[in-house]
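Read the structure below first, then the notes.
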Amino acid sequence: MFLVAGLGNPGDDYAGNRHNLGFMVVDEIGRRLGVHFRATKMDALVADHVDTDSRFLLAKPQTFMNLSGRSVKMITSYFKIPLDRILVVHDDLDLAFGEIRLKDTGGSAGHNGVQSIIDSLGQPDFKRLRIGIGRPPGQMDPAKYVLQNFNSGERAELDFIVSDAADIVLKTVDNARDCS
């Protein structure tokens with residue numbers, strides 16, 4: 001089994017925020033696979049995909065970004081998912097808008113959702129798909145910036161970025177399955 005956890009904040013007020021890019025990607029994967037998210041007792045919306053070769057879960061923690069680790073920990077414990085079969089999808093201030101990088105392990109780089117997962121799992125040895133949202137303009141507080149909706153220029157590119165990120169996630173899951 002493989003877990004793909006997209007990070008974001010629950011609720012319609014946050015749906016278009018830069019910080020919800022992880023949710024957007026797992027929603028796109030769910031759409032492609034024809035799976036539907038359901039609420040769970042693990043503080044997450046979860047969709048289960050099973051095919052002849054593999055099974056993987058898509059998750060959207062509903063704990064708000066800074067407590068994402070609590071939900072991810074519950075899911076991984078319940079389903080006995082090893083760290084090397086976890087992929088966390090999240091926004092990243094340190095990458096230019098639209099830049100995407102897959103990382104096997106590492107620190108949080110100041111991302112509170114990723115840090116919560118590291119703290120909850122007790123180690124940083126899980127994959128991350130980092131999707132750039134760029135730095136805030138001028139002296140704007142980064143916490144305020146990530147909770148803003150994408151501007152019109154960014155929204156024009158967003159579908160392509162989300163699609164590319166979904167492609168990378170699906171390829172990563174396929175590669176992990178092939179290595180098993």
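Following the order of the structure tokens, chains are lettered A, B, ..., residues in each are numbered from 1, and ligands are numbered from 1.
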>> When you look at Asn20 (chain A) with a cut-off of 10 Å (counting only C-alpha atoms), what residues show up, excluding the ones that are within fewer than 6 positions of it in the same chain? I need them as a ChimeraX atom specification.
In response: /A:6-10,14,60,65,89-91,146-149
Kindly save the residues from that selection, with C-alpha atoms included, as a PDB file, in the first residue's frame.
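Heads up, here's the output in selection-v6.pdb:
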ATOM      1  CA  GLY A   6      -1.984  16.276  -0.087  1.00  0.00           C
ATOM      2  CA  LEU A   7      -1.616  19.134   2.378  1.00  0.00           C
ATOM      3  CA  GLY A   8      -4.029  22.015   2.754  1.00  0.00           C
ATOM      4  CA  ASN A   9      -6.652  23.575   4.982  1.00  0.00           C
ATOM      5  CA  PRO A  10     -10.239  22.307   5.095  1.00  0.00           C
ATOM      6  CA  TYR A  14      -9.346  28.094   1.885  1.00  0.00           C
ATOM      7  CA  LYS A  60      -6.505  15.209   2.620  1.00  0.00           C
ATOM      8  CA  MET A  65      -2.079  22.551   7.829  1.00  0.00           C
ATOM      9  CA  VAL A  89       2.319  16.807  -1.738  1.00  0.00           C
ATOM     10  CA  HIS A  90       2.670  20.424  -0.620  1.00  0.00           C
ATOM     11  CA  ASP A  91       3.231  24.034  -1.628  1.00  0.00           C
ATOM     12  CA  VAL A 146       0.114  31.331   1.607  1.00  0.00           C
ATOM     13  CA  LEU A 147      -3.476  31.957   2.725  1.00  0.00           C
ATOM     14  CA  GLN A 148      -4.207  34.181  -0.279  1.00  0.00           C
ATOM     15  CA  ASN A 149      -5.852  32.861  -3.415  1.00  0.00           C
TER      16      ASN A 149
END
> Out of region 76-170 of chain A, which residues get alpha helix (DSSP H) from DSSP, as a PyMOL selection string?
Replying inline: chain A and resi 76-79+112-121+142-146+152-170
> What lies within 6 Å of region 71-75 of chain A using only C-alpha atoms, ignoring chain neighbours under 2 positions off, as a list in words?
Replying inline: Met42, Asp43, Pro61, Ser68, Gly69, Ser77 and Tyr78 of chain A
>> Give me the residues near Asp51 (chain A) as a list in words, where near means some atom within 12 Å (using only C-alpha atoms) and where sequence neighbours in that chain fewer than 5 positions away do not count.
In response: Met1, Leu33, Val35, Phe56, Leu57, Asp174 and Arg177 of chain A
Write a file of the selected residues as an mmCIF file, in the first residue's frame, keeping N, CA and C atoms.
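See again.cif below for the written result:
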data_model
loop_
_atom_site.group_PDB
_atom_site.id
_atom_site.type_symbol
_atom_site.label_atom_id
_atom_site.label_comp_id
_atom_site.auth_asym_id
_atom_site.auth_seq_id
_atom_site.Cartn_x
_atom_site.Cartn_y
_atom_site.Cartn_z
ATOM 1 N N MET A 1 0.842 -1.182 0.000
ATOM 2 C CA MET A 1 0.000 0.000 0.000
ATOM 3 C C MET A 1 0.882 1.239 0.000
ATOM 4 N N LEU A 33 -8.762 8.947 -11.467
ATOM 5 C CA LEU A 33 -8.965 7.539 -11.115
ATOM 6 C C LEU A 33 -10.429 7.186 -10.860
ATOM 7 N N VAL A 35 -12.183 7.985 -8.180
ATOM 8 C CA VAL A 35 -12.435 7.648 -6.785
ATOM 9 C C VAL A 35 -12.997 8.865 -6.060
ATOM 10 N N PHE A 56 -3.494 2.133 -3.348
ATOM 11 C CA PHE A 56 -2.975 3.304 -2.666
ATOM 12 C C PHE A 56 -4.099 4.192 -2.203
ATOM 13 N N LEU A 57 -3.789 4.937 -1.163
ATOM 14 C CA LEU A 57 -4.731 5.854 -0.554
ATOM 15 C C LEU A 57 -4.365 7.275 -0.923
ATOM 16 N N ASP A 174 3.670 4.241 -9.390
ATOM 17 C CA ASP A 174 3.939 3.121 -10.305
ATOM 18 C C ASP A 174 5.361 2.586 -10.141
ATOM 19 N N ARG A 177 5.690 0.582 -7.016
ATOM 20 C CA ARG A 177 5.052 -0.716 -7.195
ATOM 21 C C ARG A 177 5.979 -1.648 -7.978
#
> Taking the backbone alone, and naming residues the way the document does, which bits of region 35-150 of chain A are strand (DSSP E or B) by DSSP, as a PyMOL selection string?
Replying inline: chain A and resi 38-39+44-50+55-61+86-92+100-103+127-132+149
Write to file, as a compact mmCIF listing (two decimals), in the first residue's frame, the residues of the selection just made, with C-alpha atoms.
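Writing the result to part_27.txt gives the following:
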# COMPACT_ATOMS: atom_id res chain seq x y z
CA ARG A 38 -14.97 10.05 2.26
CA ALA A 39 -14.63 11.30 5.82
CA ALA A 44 -8.89 13.07 6.92
CA LEU A 45 -10.85 12.73 3.75
CA VAL A 46 -9.60 9.52 2.15
CA ALA A 47 -10.04 7.87 -1.25
CA ASP A 48 -8.93 4.30 -1.87
CA HIS A 49 -7.68 3.15 -5.27
CA VAL A 50 -7.20 -0.53 -6.00
CA ARG A 55 -3.52 -0.23 -3.77
CA PHE A 56 -2.98 3.30 -2.67
CA LEU A 57 -4.73 5.85 -0.55
CA LEU A 58 -5.22 9.50 -1.31
CA ALA A 59 -5.64 11.62 1.81
CA LYS A 60 -6.51 15.21 2.62
CA PRO A 61 -5.89 15.84 6.33
CA ILE A 86 4.44 7.81 1.87
CA LEU A 87 4.38 10.76 -0.53
CA VAL A 88 3.39 14.18 0.81
CA VAL A 89 2.32 16.81 -1.74
CA HIS A 90 2.67 20.42 -0.62
CA ASP A 91 3.23 24.03 -1.63
CA ASP A 92 6.72 25.49 -1.31
CA ILE A 100 8.03 21.01 -9.09
CA ARG A 101 10.59 18.89 -7.26
CA LEU A 102 10.40 15.37 -5.92
CA LYS A 103 12.44 14.77 -2.79
CA LYS A 127 8.90 11.40 -0.08
CA ARG A 128 7.70 14.94 -0.77
CA LEU A 129 6.47 16.55 -3.94
CA ARG A 130 7.23 20.24 -3.55
CA ILE A 131 5.28 22.62 -5.77
CA GLY A 132 6.52 26.18 -6.00
CA ASN A 149 -5.85 32.86 -3.41
>> Taking only C-alpha atoms into account, name the residue in A:Gly98, A:Gly16, A:Gly34, A:Gly11 that is nearest to Ile133 (chain A).
In response: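 When distances to Ile133 (chain A) are compared using only C-alpha atoms, the smallest one comes from A:Gly98.
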> Which one is closest to Asp167 (chain A): A:Arg85, A:Glu154, A:Asn66, A:Val25? Count only C-alpha atoms.
Replying inline: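 Of A:Arg85, A:Glu154, A:Asn66, A:Val25, the one nearest Asp167 (chain A), counting only C-alpha atoms, is A:Val25.
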> For Arg18 (chain A), which residue among A:Gln123, A:Ser54, A:Gln139, A:Asn151 is the nearest when counting only C-alpha atoms?
Replying inline: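 The answer is A:Asn151, which sits nearest to Arg18 (chain A).
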> Of the residues A:Arg70, A:Gly153, A:Ala5, A:Asp12, which is the one nearest to Val26 (chain A), using only C-alpha atoms?
Replying inline: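 Among the listed residues, the smallest separation from Val26 (chain A) belongs to A:Ala5.
Each of A:Phe64, A:Phe2, A:Phe126, A:Phe79 was compared to His19 (chain A) using only C-alpha atoms, and A:Phe64 turns out to be the nearest.
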> CA of Thr105 (chain A) and CA of Asp125 (chain A) are how many Å apart?
Replying inline: 4.8 Å
>> From the options A:Pro124, A:Asn17, A:Lys41, A:Val114, which residue's atoms come nearest to Ala143 (chain A), counting only C-alpha atoms?
In response: A:Asn17
>> Would you compute the distance between CA of Val173 (chain A) and CA of Ile29 (chain A)? Give it in Å to one decimal.
In response: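 Result for CA of Val173 (chain A) versus CA of Ile29 (chain A): 11.7 Å, one decimal.
Put simply, CA of Thr63 (chain A) is 26.5 Å away from CA of Asp164 (chain A).
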